[in-house]
Amino acid sequence: MRRKDREMDRAFALEVLDKAEWMTLAMTGEDGTPYCVPVNAVREGDWLYLHSAPEGEKAEDLRRRPRVCLSAVGDTCVIPEQYTTAFESAVVRGEAGELIDPEKKRRALHLICQKYCPGQEADFDRTIDRSIARTAVFRIHIDEIAGKCKKQPGQG
């Protein structure tokens, strides 16, 4: 029996965001064309946090047109003999804003370090101190979120 893709609830979609190693951030460029880039992001509550160089296409586009869409992929498994893939995914729509306050930036960078550098907590402050002046931090409010899952045969 073939399983169809199932729309999942908010809690599932948030779980996918939390475990995704990287996500794809889509935004609108200066000339109105779509632009997307892979990012490392971390969630706290209804906010996603990501870092960036302070200058460049991504940072400038986020400042100019803050409405964004972000996609994340959780666990995947290609099933070649069935010409399909089992997967988990989440899509977020929201509005980005830059964090200017140094303490809010520091807090967001700590969250990013906790997700991507576990076990290195003793070095977080030193590392953040070295880079905070040349790092932009953006947060995206999760206005809308949807999750999707296609399980492997035999999974519940």
# chains A, B, ... in the order shown; residues from 1 in each chain; ligands from 1
>>> residues_around(residues="A:Thr33", least_positions_apart="4", cutoff="12 Å", atoms="only C-alpha atoms", output="PyMOL selection string")
chain A and resi 26-29+61+65
>>> select_by_dssp(residues="stretch 36-156 of chain A", states="alpha helix (DSSP H)", output="PyMOL selection string")
chain A and resi 57-64+102-116+121-131
>>> write_last_selection(atoms="N, CA and C atoms", output="compact mmCIF listing (two decimals), in the first residue's frame")
# COMPACT_ATOMS: atom_id res chain seq x y z
N GLU A 57 24.86 40.52 -0.52
CA GLU A 57 23.53 40.38 -1.09
C GLU A 57 22.48 39.92 -0.07
N LYS A 58 22.80 38.90 0.72
CA LYS A 58 21.83 38.39 1.69
C LYS A 58 21.44 39.46 2.70
N ALA A 59 22.42 40.08 3.35
CA ALA A 59 22.13 41.09 4.36
C ALA A 59 21.38 42.28 3.76
N GLU A 60 21.80 42.71 2.60
CA GLU A 60 21.14 43.86 1.97
C GLU A 60 19.71 43.53 1.56
N ASP A 61 19.49 42.33 1.04
CA ASP A 61 18.13 41.93 0.66
C ASP A 61 17.22 41.80 1.88
N LEU A 62 17.74 41.26 2.98
CA LEU A 62 16.94 41.13 4.20
C LEU A 62 16.55 42.50 4.76
N ARG A 63 17.44 43.46 4.65
CA ARG A 63 17.13 44.81 5.14
C ARG A 63 16.12 45.50 4.22
N ARG A 64 16.26 45.30 2.94
CA ARG A 64 15.44 46.00 1.94
C ARG A 64 14.03 45.42 1.84
N PRO A 102 23.64 44.96 21.17
CA PRO A 102 24.74 44.00 21.37
C PRO A 102 24.35 42.80 22.24
N GLU A 103 23.55 43.02 23.27
CA GLU A 103 23.18 41.90 24.15
C GLU A 103 22.23 40.93 23.45
N LYS A 104 21.33 41.45 22.62
CA LYS A 104 20.43 40.58 21.86
C LYS A 104 21.21 39.80 20.80
N LYS A 105 22.17 40.46 20.16
CA LYS A 105 23.03 39.77 19.20
C LYS A 105 23.81 38.65 19.90
N ARG A 106 24.38 38.97 21.05
CA ARG A 106 25.17 37.99 21.80
C ARG A 106 24.30 36.79 22.18
N ARG A 107 23.08 37.04 22.64
CA ARG A 107 22.16 35.95 23.01
C ARG A 107 21.87 35.06 21.82
N ALA A 108 21.59 35.67 20.66
CA ALA A 108 21.31 34.90 19.45
C ALA A 108 22.53 34.09 19.01
N LEU A 109 23.71 34.68 19.09
CA LEU A 109 24.92 33.95 18.71
C LEU A 109 25.18 32.80 19.68
N HIS A 110 24.85 32.96 20.95
CA HIS A 110 24.96 31.86 21.91
C HIS A 110 24.03 30.71 21.50
N LEU A 111 22.79 31.04 21.10
CA LEU A 111 21.85 30.00 20.67
C LEU A 111 22.39 29.25 19.45
N ILE A 112 22.96 30.00 18.51
CA ILE A 112 23.53 29.37 17.30
C ILE A 112 24.69 28.46 17.69
N CYS A 113 25.56 28.94 18.57
CA CYS A 113 26.69 28.12 19.03
C CYS A 113 26.21 26.86 19.75
N GLN A 114 25.17 26.98 20.58
CA GLN A 114 24.67 25.82 21.30
C GLN A 114 24.17 24.74 20.34
N LYS A 115 23.54 25.16 19.26
CA LYS A 115 23.01 24.18 18.30
C LYS A 115 24.13 23.55 17.47
N TYR A 116 25.04 24.37 16.97
CA TYR A 116 26.01 23.88 15.99
C TYR A 116 27.38 23.52 16.58
N GLU A 121 31.09 24.97 24.83
CA GLU A 121 30.55 26.10 25.58
C GLU A 121 31.61 27.00 26.19
N ALA A 122 32.72 26.43 26.63
CA ALA A 122 33.78 27.21 27.27
C ALA A 122 34.38 28.25 26.32
N ASP A 123 34.27 28.02 25.02
CA ASP A 123 34.85 28.94 24.03
C ASP A 123 33.83 29.91 23.43
N PHE A 124 32.55 29.78 23.76
CA PHE A 124 31.52 30.61 23.12
C PHE A 124 31.80 32.10 23.29
N ASP A 125 31.99 32.55 24.53
CA ASP A 125 32.16 33.98 24.77
C ASP A 125 33.37 34.55 24.05
N ARG A 126 34.48 33.84 24.10
CA ARG A 126 35.70 34.31 23.42
C ARG A 126 35.49 34.39 21.91
N THR A 127 34.85 33.37 21.36
CA THR A 127 34.60 33.34 19.92
C THR A 127 33.64 34.45 19.52
N ILE A 128 32.58 34.64 20.29
CA ILE A 128 31.61 35.69 19.99
C ILE A 128 32.28 37.06 20.11
N ASP A 129 33.07 37.28 21.14
CA ASP A 129 33.77 38.55 21.31
C ASP A 129 34.63 38.89 20.10
N ARG A 130 35.30 37.88 19.55
CA ARG A 130 36.18 38.10 18.39
C ARG A 130 35.42 38.48 17.13
N SER A 131 34.17 38.02 17.00
CA SER A 131 33.48 38.19 15.72
C SER A 131 32.24 39.08 15.75
>>> select_by_dssp(residues="chain A", states="strand (DSSP E)", output="PyMOL selection string")
chain A and resi 6-8+23-28+34-39+41-44+47-52+67-79+84-99+136-150
>>> atom_distance(atom1="atom CA of A:Gly32", atom2="atom CA of A:Ala136")
22.9 Å
>>> residues_around(residues="A:Ile145", least_positions_apart="3", cutoff="8 Å", atoms="only C-alpha atoms", output="list in words")
Arg10, Ala13, Ala90, Val91, Val92, Arg93 and Ile142 of chain A
>>> residues_around(residues="A:Glu98", least_positions_apart="3", cutoff="7 Å", atoms="only C-alpha atoms", output="list in words")
Val137, Phe138 and Arg139 of chain A
>>> residues_around(residues="A:Asp143", least_positions_apart="5", cutoff="12 Å", atoms="only C-alpha atoms", output="ChimeraX atom specification")
/A:10,45-48,67-70,91-96
>>> write_last_selection(atoms="all heavy atoms", output="compact mmCIF listing (two decimals), in the first residue's frame")
# COMPACT_ATOMS: atom_id res chain seq x y z
N ARG A 10 1.83 21.84 13.57
CA ARG A 10 2.85 22.83 13.90
C ARG A 10 3.99 22.23 14.74
O ARG A 10 5.16 22.50 14.48
CB ARG A 10 2.19 23.99 14.64
CG ARG A 10 3.13 25.07 15.10
CD ARG A 10 2.38 26.17 15.83
NE ARG A 10 3.28 27.14 16.38
CZ ARG A 10 3.81 28.16 15.72
NH1 ARG A 10 3.50 28.36 14.44
NH2 ARG A 10 4.64 28.99 16.30
N GLY A 45 11.37 29.67 20.54
CA GLY A 45 9.97 30.11 20.50
C GLY A 45 9.50 30.28 19.07
O GLY A 45 9.68 29.39 18.24
N ASP A 46 8.94 31.43 18.78
CA ASP A 46 8.45 31.72 17.42
C ASP A 46 9.45 32.52 16.59
O ASP A 46 9.07 33.21 15.65
CB ASP A 46 7.13 32.49 17.49
CG ASP A 46 5.97 31.60 17.90
OD1 ASP A 46 6.06 30.37 17.70
OD2 ASP A 46 4.97 32.12 18.42
N TRP A 47 10.73 32.42 16.95
CA TRP A 47 11.77 33.17 16.24
C TRP A 47 12.86 32.23 15.74
O TRP A 47 13.25 31.30 16.44
CB TRP A 47 12.40 34.21 17.16
CG TRP A 47 11.46 35.29 17.58
CD1 TRP A 47 10.72 35.32 18.74
CD2 TRP A 47 11.14 36.47 16.87
NE1 TRP A 47 9.97 36.46 18.77
CE2 TRP A 47 10.20 37.19 17.64
CE3 TRP A 47 11.55 37.01 15.65
CZ2 TRP A 47 9.67 38.41 17.24
CZ3 TRP A 47 11.02 38.22 15.24
CH2 TRP A 47 10.10 38.92 16.03
N LEU A 48 13.35 32.52 14.56
CA LEU A 48 14.54 31.86 14.02
C LEU A 48 15.66 32.90 13.98
O LEU A 48 15.42 34.06 13.62
CB LEU A 48 14.28 31.36 12.59
CG LEU A 48 13.37 30.15 12.48
CD1 LEU A 48 12.92 29.96 11.04
CD2 LEU A 48 14.10 28.91 12.97
N ARG A 67 10.30 40.33 4.03
CA ARG A 67 9.42 39.16 3.92
C ARG A 67 10.23 38.02 3.30
O ARG A 67 10.81 38.17 2.23
CB ARG A 67 8.19 39.45 3.06
CG ARG A 67 7.21 40.42 3.66
CD ARG A 67 6.51 39.95 4.92
NE ARG A 67 5.78 38.71 4.73
CZ ARG A 67 5.37 37.94 5.73
NH1 ARG A 67 5.59 38.27 6.98
NH2 ARG A 67 4.72 36.84 5.49
N VAL A 68 10.24 36.88 4.00
CA VAL A 68 11.06 35.75 3.56
C VAL A 68 10.30 34.44 3.67
O VAL A 68 9.25 34.36 4.31
CB VAL A 68 12.36 35.64 4.40
CG1 VAL A 68 13.22 36.89 4.23
CG2 VAL A 68 12.07 35.37 5.87
N CYS A 69 10.86 33.43 3.05
CA CYS A 69 10.39 32.06 3.17
C CYS A 69 11.63 31.21 3.44
O CYS A 69 12.69 31.45 2.85
CB CYS A 69 9.69 31.63 1.88
SG CYS A 69 8.98 29.97 1.96
N LEU A 70 11.50 30.26 4.32
CA LEU A 70 12.62 29.42 4.70
C LEU A 70 12.15 27.97 4.67
O LEU A 70 11.06 27.65 5.15
CB LEU A 70 13.08 29.82 6.11
CG LEU A 70 14.29 29.09 6.66
CD1 LEU A 70 15.21 30.10 7.34
CD2 LEU A 70 13.87 28.02 7.62
N VAL A 91 8.28 24.42 6.12
CA VAL A 91 8.36 25.68 5.39
C VAL A 91 7.83 26.78 6.32
O VAL A 91 6.76 26.64 6.91
CB VAL A 91 7.54 25.64 4.08
CG1 VAL A 91 7.53 27.00 3.40
CG2 VAL A 91 8.11 24.58 3.14
N VAL A 92 8.60 27.85 6.42
CA VAL A 92 8.25 29.00 7.26
C VAL A 92 8.11 30.23 6.39
O VAL A 92 8.92 30.46 5.50
CB VAL A 92 9.36 29.25 8.32
CG1 VAL A 92 9.15 30.58 9.04
CG2 VAL A 92 9.45 28.10 9.29
N ARG A 93 7.10 31.01 6.68
CA ARG A 93 6.98 32.35 6.09
C ARG A 93 7.01 33.34 7.24
O ARG A 93 6.39 33.11 8.28
CB ARG A 93 5.69 32.48 5.30
CG ARG A 93 5.72 31.73 4.00
CD ARG A 93 4.43 31.97 3.19
NE ARG A 93 4.50 31.30 1.91
CZ ARG A 93 4.22 30.02 1.69
NH1 ARG A 93 3.84 29.26 2.70
NH2 ARG A 93 4.31 29.50 0.50
N GLY A 94 7.74 34.43 7.05
CA GLY A 94 7.84 35.41 8.11
C GLY A 94 8.54 36.66 7.67
O GLY A 94 8.78 36.88 6.48
N GLU A 95 8.86 37.47 8.66
CA GLU A 95 9.52 38.74 8.40
C GLU A 95 10.82 38.80 9.19
O GLU A 95 10.84 38.52 10.39
CB GLU A 95 8.61 39.90 8.79
CG GLU A 95 9.17 41.22 8.36
CD GLU A 95 8.11 42.31 8.29
OE1 GLU A 95 6.93 41.99 8.05
OE2 GLU A 95 8.49 43.47 8.49
N ALA A 96 11.89 39.17 8.50
CA ALA A 96 13.21 39.25 9.11
C ALA A 96 13.46 40.65 9.64
O ALA A 96 12.96 41.64 9.09
CB ALA A 96 14.28 38.88 8.08
>>> closest_residue(among="A:Tyr83, A:Ser89, A:Cys77, A:Glu44", to="A:Ile140", atoms="only C-alpha atoms")
A:Glu44
>>> atom_distance(atom1="atom CA of A:Tyr35", atom2="atom CA of A:Met23")
13.8 Å
>>> decode(residues="stretch 76-109 of chain A", atoms="C-alpha atoms", output="short mmCIF file (atom, residue, chain, number, x, y, z; two decimals), in the first residue's frame")
data_model
loop_
_atom_site.label_atom_id
_atom_site.label_comp_id
_atom_site.auth_asym_id
_atom_site.auth_seq_id
_atom_site.Cartn_x
_atom_site.Cartn_y
_atom_site.Cartn_z
CA THR A 76 15.56 11.72 4.52
CA CYS A 77 16.01 8.33 2.94
CA VAL A 78 16.09 7.66 -0.79
CA ILE A 79 14.27 4.43 -1.66
CA PRO A 80 15.61 3.73 -5.17
CA GLU A 81 13.71 0.50 -5.76
CA GLN A 82 10.46 2.41 -5.23
CA TYR A 83 11.56 5.57 -7.07
CA THR A 84 10.76 7.71 -4.06
CA THR A 85 12.20 9.40 -0.99
CA ALA A 86 11.01 9.28 2.61
CA PHE A 87 11.41 12.74 4.12
CA GLU A 88 10.46 15.38 6.66
CA SER A 89 10.29 19.06 5.79
CA ALA A 90 9.08 22.39 7.11
CA VAL A 91 8.36 25.68 5.39
CA VAL A 92 8.25 29.00 7.26
CA ARG A 93 6.98 32.35 6.09
CA GLY A 94 7.84 35.41 8.11
CA GLU A 95 9.52 38.74 8.40
CA ALA A 96 13.21 39.25 9.11
CA GLY A 97 14.68 41.99 11.23
CA GLU A 98 18.25 42.79 12.13
CA LEU A 99 19.33 42.68 15.75
CA ILE A 100 21.33 45.81 16.58
CA ASP A 101 21.41 45.66 20.38
CA PRO A 102 24.74 44.00 21.37
CA GLU A 103 23.18 41.90 24.15
CA LYS A 104 20.43 40.58 21.86
CA LYS A 105 23.03 39.77 19.20
CA ARG A 106 25.17 37.99 21.80
CA ARG A 107 22.16 35.95 23.01
CA ALA A 108 21.31 34.90 19.45
CA LEU A 109 24.92 33.95 18.71
#
